[in-house]
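Worksheet for the structure shown next.
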Amino acid sequence: MKVLIAKPGLDGHDRGAKVVAHALRDAGFEVVYSGLKRTPDEIVREAIQEDVDVIGLSVLSGAHLLLARRIIDGLRTQDAGDIAVVVGGIIPPRDVEALKQLGVRHVFPMGTPLPDIVKAFKKEPPR
Amino acid sequence: MKEIKAHAGFPIAPVYGPADVAGVDFDRDIGRPGEYPYTRGIHKHMYRDRLWTMRQYVGFGTPAETNSRFKYLMAHGQDALNVAFDLPTQLGLDSDDPKAEGEVGRVGMAIDTLADMEEAFAGIPLDRVSVSLTINGMAAPITAMYYAVAEKQGVAAERVVTTPQNDILKEFIARGTWIYPVDPSLRLVADLIEFSARHYPRSNPVSVCGYHIREAGCTTAQEMAYGLAIAAAYIELMLARGMAVDDFAPRISFNFTAWGKIFEEVAKFRAGRRLYARMLRERFHASNPKSWMFRSLIGGGGSAFAVQEPENNIVRGAYIALAASLSGAQTMALPTYDEAYTIPSPKAQLIALRTMQICAEESGAADTVDPLAGSYYVESLTNAMETRIGEELASVERMGGIVEAVRTGAIQAEVARQAYLYEQKVVSGEIPRVAVNCHVGDVPAEADREVELYAFDSKAHAAQLAKLERTRAQRDGSAARTALRRVAEAARGRDNLMDPIMEAVKAYATLGEIAQAMRDVFGEHKEAVKF
């Protein structure tokens with residue numbers, strides 16, 4: 001399984017993204033980290049180029065709904081809608097359902113224990 | 001017996017006694033408050049003469065909304081401001097830039113032109129209120145706008161007291177609002193320091209932050225070591241321009257956290273003050289005692305807070321306030337209990353302010369200077385922290401110095417490694433977190449049910465766009481274009497960028513235009529992605 005951990009938008013806080021990237025690597029995943037401030041288009045392109053199974057988005061600025069929608073739409077347009085998208089960050093409970101309706105497979109709001117995040121990735125079937 | 005370690009990594013003994021402080025020389029290592037090496041604090045009587053400044057971090061939506069929140073807090077006894085800007089502003093993008101979509105007014109207030117800054121400080125007398133500006137990559141133009149607003153209010157330059165954060169190195173390490181490559185970014189830091197030292201003598205043109213690096217995951221000792229290394233890098237930069245150390249060092253300030261173990265935090269600041277004083281006197285040969293003083297905002301530490309049972313964060317905030325007070329803070333700011341999931345509500349902000357006021361007025365913590373001095377434990381811990389900070393400084397040197405370590409990404413990788421280690425200790429229970437990994441309650445962490453949530457108002461975005469359009473239409477377009485050309489010319493040369501930037505902001509050039517004029521010359525930073 002190959003995972004792209006990505007930071008879309010302008011938010012520069014990447015502690016959570018890097019911690020999850022470390023944990024997934026230790027759990028045996030092949031992990032690519034995008035670095036900060038990637039546009040949705042760049043993330044879609046990198047996911048396809050790297051041929052990943054899952055994209056993990058980290059957003060702490062509040063712009064998660066818009067950014068997740070742009071990325072999921074982009075994947076579908078590029079015929080890569082089978083790449084699973086999961087989202088973590090400062091996600092208010094009221095937005096969890098909205099994200100899932102967009103097609104996000106799992107949402108990890110603040111306070112999600114690290115082992116739970118790793119477990120959710122493990123349950124995702126490879127493409 | 002249970003083993004306990006400091007966050008800095010060394011073991012804590014169950015009991016301390018005279019043998020643990022046998023090597024301490026009172027005059028050399030501790031001394032008197034207000035005297036070199038300032039272990040006990042930078043002022044003789046500390047809070048008895050002047051209490052710490054209370055400076056909550058505020059800013060959201062439009063300048064008008066932020067202006068009314070400023071006034072709300074000031075009406076409740078807050079005596080200074082600490083301004084939050086939204087991400088497009090921090091990154092030099094106008095509110096109508098496609099990249100700003102969804103981010104306008106989210107995590108701070110939106111500033112596009114001087115007209116916004118005028119509105120943000122309307123009715124706030126800038127000769128009497130000190131204002132810190134949490135701005136880094138865009139510190140030069142935003143501070144220029146602030147100076148211009150003060151001028152319009154008729155405030156003399158020598159009466160303006162402001163602290164732009166202007167610490168780009170920590171942005172590369174931790175907070176991520178870098179724009180330009182490392183060298184031109186450092187040049188902008190130095191241009192603002194030099195310009196302010198010449199024209200705005202009470203401005204504190206740089207606030208060196210260990211805070212955000214700690215929030216990103218480093219240890220207590222690393223927080224202090226990296227902060228000291230960054231301060232030294234800026235000092236070297238100014239010396240290389242031919243400035244004398246005593247011409248700018250007295251206005252260098254710091255911003256650090258105090259969450260976690262109270263006594264370790266106090267020891268961190270006592271050791272840090274001692275190390276900084278020695279560095280400035282012995283290494284940089286500063287002779288003005290004000291240059292030797294480590295003046296710091298202490299507080300913060302949202303990473304101490306938890307989303308589970310959020311009201312517990314009020315208690316955590318009170319311990320942070322106590323630690324900051326015992327650590328000799330000049331300024332204090334606390335995170336709010338709802339900060340793990342939302343922009344602070346007015347109620348949460350008021351509770352944070354009241355927490356500091358209760359600590360100041362009721363707890364007795366501020367009654368006497370450095371009350372923990374002479375404690376076997378705290379003096380021994382201060383020495384242990386000093387040693388550990390020294391080891392971390394040596395490790396930065398092995399990475400090639402702080403600037404090189406930032407360029408290669410080595411320091412970012414080390415901070416990420418520490419963040420992962422910390423998280424593993426939380427998972428294993430080695431680091432206890434109440435209601436998170438021990439004493440876990442049966443209430444699920446669904447914050448919505450329990451606390452007031454800030455509702456982001458999308459109308460704010462529309463209002464900001466309309467205002468930006470109006471300002472562009474009403475300004476003298478050719479004056480703005482000429483000023484922007486001068487910014488680009490100065491960027492290509494070596495003259496201080498602040499003069500043309502001041503001219504551009506006064507001509508109502510937008511922040512995005514000014515940032516782009518420099519981006520065309522400097523290019524953009526390429527991150528060394530390591531984890």
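Letters A, B, ... mark the chains of the structure tokens in the order given; residue numbers begin at 1 per chain; ligand numbers begin at 1, in order shown.
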
Would you mind listing what lies within 8 Å of A:Ala47 as a tab-separated table (two decimals) with C-alpha atoms, in the first residue's frame, with only C-alpha atoms counted and same-chain residues fewer than 5 positions away left out?
```tsv
chain	number	residue	atom	x	y	z
A	4	LEU	CA	0.35	10.30	-0.15
A	52	VAL	CA	-0.86	5.79	-4.52
A	55	ILE	CA	-4.42	10.25	-0.08
```

Please report as a Markdown table every residue of chain B lying within 7 Å of chain A, along with the nearest atom pair and their distance in Å (one decimal), using only C-alpha atoms.
```
| residue | atom | partner | partner_atom | distance |
| --- | --- | --- | --- | --- |
| B:Leu87 | CA | A:Leu10 | CA | 6.2 |
| B:Gly102 | CA | A:Ala63 | CA | 5.4 |
| B:Glu103 | CA | A:Ala63 | CA | 6.1 |
| B:Arg106 | CA | A:Gly62 | CA | 6.7 |
| B:Val107 | CA | A:Ser61 | CA | 6.4 |
| B:Arg175 | CA | A:Gly12 | CA | 5.4 |
| B:Gly176 | CA | A:Gly12 | CA | 4.0 |
| B:Thr177 | CA | A:Gly12 | CA | 6.1 |
| B:Ala216 | CA | A:Arg15 | CA | 5.3 |
| B:Gly217 | CA | A:Arg15 | CA | 7.0 |
| B:Ala306 | CA | A:Gly111 | CA | 7.0 |
| B:Val307 | CA | A:Gly111 | CA | 5.9 |
| B:Tyr341 | CA | A:Ile90 | CA | 5.5 |
| B:Ala416 | CA | A:Lys18 | CA | 6.3 |
| B:Ala419 | CA | A:Val19 | CA | 6.5 |
| B:Tyr420 | CA | A:Val19 | CA | 5.0 |
| B:Glu446 | CA | A:Pro93 | CA | 6.2 |
| B:Asp448 | CA | A:Pro93 | CA | 6.6 |
| B:Val529 | CA | A:Gly35 | CA | 5.6 |
| B:Phe531 | CA | A:Lys18 | CA | 6.0 |
```

Per DSSP on the backbone, filter stretch 282-370 of chain B down to the residues in strand (DSSP E) and report them as a PyMOL selection string. chain B and resi 296-299+331-333

Quick one: write out the picked residues with C-alpha atoms as a PDB file, in the first residue's frame?
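Full text of result22.pdb as output:
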```
ATOM      1  CA  SER B 296       9.853  37.432  26.588  1.00  0.00           C
ATOM      2  CA  LEU B 297       6.211  36.864  25.980  1.00  0.00           C
ATOM      3  CA  ILE B 298       5.488  33.622  27.820  1.00  0.00           C
ATOM      4  CA  GLY B 299       2.325  31.624  27.615  1.00  0.00           C
ATOM      5  CA  THR B 331       4.016  39.641  28.519  1.00  0.00           C
ATOM      6  CA  MET B 332       1.519  36.809  28.794  1.00  0.00           C
ATOM      7  CA  ALA B 333      -0.995  35.271  26.402  1.00  0.00           C
TER       8      ALA B 333
END
```

Need to verify the contact set: A:Pro125, 10 Å, only C-alpha atoms, exclusion of same-chain residues closer than 3 positions in sequence. Can you return it as a PyMOL selection string? chain A and resi 1+53-54+84+121-122

If you count only C-alpha atoms, which residues fall within 10 Å of stretch 5-8 of chain B, apart from same-chain ones fewer than 4 positions away, as a PyMOL selection string? chain B and resi 12-13+218-223+260-261+263-265+268+381+384-385+388-389+422+430-431

Could you write those residues out with N, CA and C atoms, as a PDB file, in the first residue's frame?
```
ATOM      1  N   ILE B  12      14.273  12.850  36.603  1.00  0.00           N
ATOM      2  CA  ILE B  12      13.985  13.701  37.760  1.00  0.00           C
ATOM      3  C   ILE B  12      14.126  12.833  39.011  1.00  0.00           C
ATOM      4  N   ALA B  13      14.929  13.312  39.986  1.00  0.00           N
ATOM      5  CA  ALA B  13      15.125  12.559  41.226  1.00  0.00           C
ATOM      6  C   ALA B  13      13.898  12.716  42.125  1.00  0.00           C
ATOM      7  N   CYS B 218       9.206  19.962  19.288  1.00  0.00           N
ATOM      8  CA  CYS B 218      10.535  19.821  19.900  1.00  0.00           C
ATOM      9  C   CYS B 218      10.443  19.800  21.424  1.00  0.00           C
ATOM     10  N   THR B 219      11.558  19.497  22.084  1.00  0.00           N
ATOM     11  CA  THR B 219      11.580  19.431  23.552  1.00  0.00           C
ATOM     12  C   THR B 219      11.764  20.830  24.141  1.00  0.00           C
ATOM     13  N   THR B 220      11.646  20.916  25.463  1.00  0.00           N
ATOM     14  CA  THR B 220      11.845  22.193  26.157  1.00  0.00           C
ATOM     15  C   THR B 220      13.238  22.757  25.901  1.00  0.00           C
ATOM     16  N   ALA B 221      14.254  21.887  26.012  1.00  0.00           N
ATOM     17  CA  ALA B 221      15.635  22.354  25.840  1.00  0.00           C
ATOM     18  C   ALA B 221      15.874  22.785  24.397  1.00  0.00           C
ATOM     19  N   GLN B 222      15.272  22.052  23.455  1.00  0.00           N
ATOM     20  CA  GLN B 222      15.420  22.439  22.046  1.00  0.00           C
ATOM     21  C   GLN B 222      14.729  23.771  21.776  1.00  0.00           C
ATOM     22  N   GLU B 223      13.574  23.973  22.395  1.00  0.00           N
ATOM     23  CA  GLU B 223      12.856  25.240  22.193  1.00  0.00           C
ATOM     24  C   GLU B 223      13.785  26.411  22.534  1.00  0.00           C
ATOM     25  N   GLY B 260       3.256  22.352  30.192  1.00  0.00           N
ATOM     26  CA  GLY B 260       3.950  21.112  30.549  1.00  0.00           C
ATOM     27  C   GLY B 260       4.268  21.111  32.028  1.00  0.00           C
ATOM     28  N   LYS B 261       5.504  20.744  32.353  1.00  0.00           N
ATOM     29  CA  LYS B 261       5.879  20.629  33.759  1.00  0.00           C
ATOM     30  C   LYS B 261       6.305  22.008  34.277  1.00  0.00           C
ATOM     31  N   PHE B 263       7.882  23.282  36.903  1.00  0.00           N
ATOM     32  CA  PHE B 263       9.232  23.602  37.398  1.00  0.00           C
ATOM     33  C   PHE B 263      10.268  23.518  36.280  1.00  0.00           C
ATOM     34  N   GLU B 264      10.049  22.598  35.363  1.00  0.00           N
ATOM     35  CA  GLU B 264      10.958  22.510  34.216  1.00  0.00           C
ATOM     36  C   GLU B 264      10.855  23.779  33.369  1.00  0.00           C
ATOM     37  N   GLU B 265       9.639  24.306  33.216  1.00  0.00           N
ATOM     38  CA  GLU B 265       9.462  25.546  32.449  1.00  0.00           C
ATOM     39  C   GLU B 265      10.191  26.701  33.125  1.00  0.00           C
ATOM     40  N   LYS B 268      13.762  26.369  32.585  1.00  0.00           N
ATOM     41  CA  LYS B 268      14.111  26.671  31.186  1.00  0.00           C
ATOM     42  C   LYS B 268      14.331  28.166  31.010  1.00  0.00           C
ATOM     43  N   LEU B 381      17.626  21.992  38.673  1.00  0.00           N
ATOM     44  CA  LEU B 381      16.964  21.853  37.375  1.00  0.00           C
ATOM     45  C   LEU B 381      17.429  22.948  36.409  1.00  0.00           C
ATOM     46  N   ALA B 384      20.661  21.813  35.124  1.00  0.00           N
ATOM     47  CA  ALA B 384      20.484  20.685  34.196  1.00  0.00           C
ATOM     48  C   ALA B 384      19.948  21.180  32.857  1.00  0.00           C
ATOM     49  N   MET B 385      19.020  22.139  32.894  1.00  0.00           N
ATOM     50  CA  MET B 385      18.473  22.695  31.649  1.00  0.00           C
ATOM     51  C   MET B 385      19.565  23.450  30.890  1.00  0.00           C
ATOM     52  N   ARG B 388      21.645  20.922  29.138  1.00  0.00           N
ATOM     53  CA  ARG B 388      20.947  20.295  28.015  1.00  0.00           C
ATOM     54  C   ARG B 388      20.768  21.281  26.851  1.00  0.00           C
ATOM     55  N   ILE B 389      20.468  22.544  27.161  1.00  0.00           N
ATOM     56  CA  ILE B 389      20.333  23.564  26.109  1.00  0.00           C
ATOM     57  C   ILE B 389      21.679  23.726  25.380  1.00  0.00           C
ATOM     58  N   TYR B 422       7.035  12.048  20.911  1.00  0.00           N
ATOM     59  CA  TYR B 422       6.080  12.533  21.908  1.00  0.00           C
ATOM     60  C   TYR B 422       4.747  11.797  21.760  1.00  0.00           C
ATOM     61  N   GLU B 430       3.240   6.874  28.729  1.00  0.00           N
ATOM     62  CA  GLU B 430       4.403   7.417  29.454  1.00  0.00           C
ATOM     63  C   GLU B 430       4.193   8.904  29.735  1.00  0.00           C
ATOM     64  N   ILE B 431       3.575   9.612  28.796  1.00  0.00           N
ATOM     65  CA  ILE B 431       3.170  10.999  29.059  1.00  0.00           C
ATOM     66  C   ILE B 431       1.671  10.980  29.324  1.00  0.00           C
TER      67      ILE B 431
END
```

Looking only at alpha helix (DSSP H) from DSSP on the backbone, list the matching residues of stretch 143-338 of chain B as a count of residues only. 97

Excluding B:Ala528 and residues on its chain fewer than 6 positions from it, collect all residues at most 8 Å away from it, counting only C-alpha atoms, and give them as a list in words.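 In the requested form, the answer reads Arg407, Thr408 and Gly409 of chain B.
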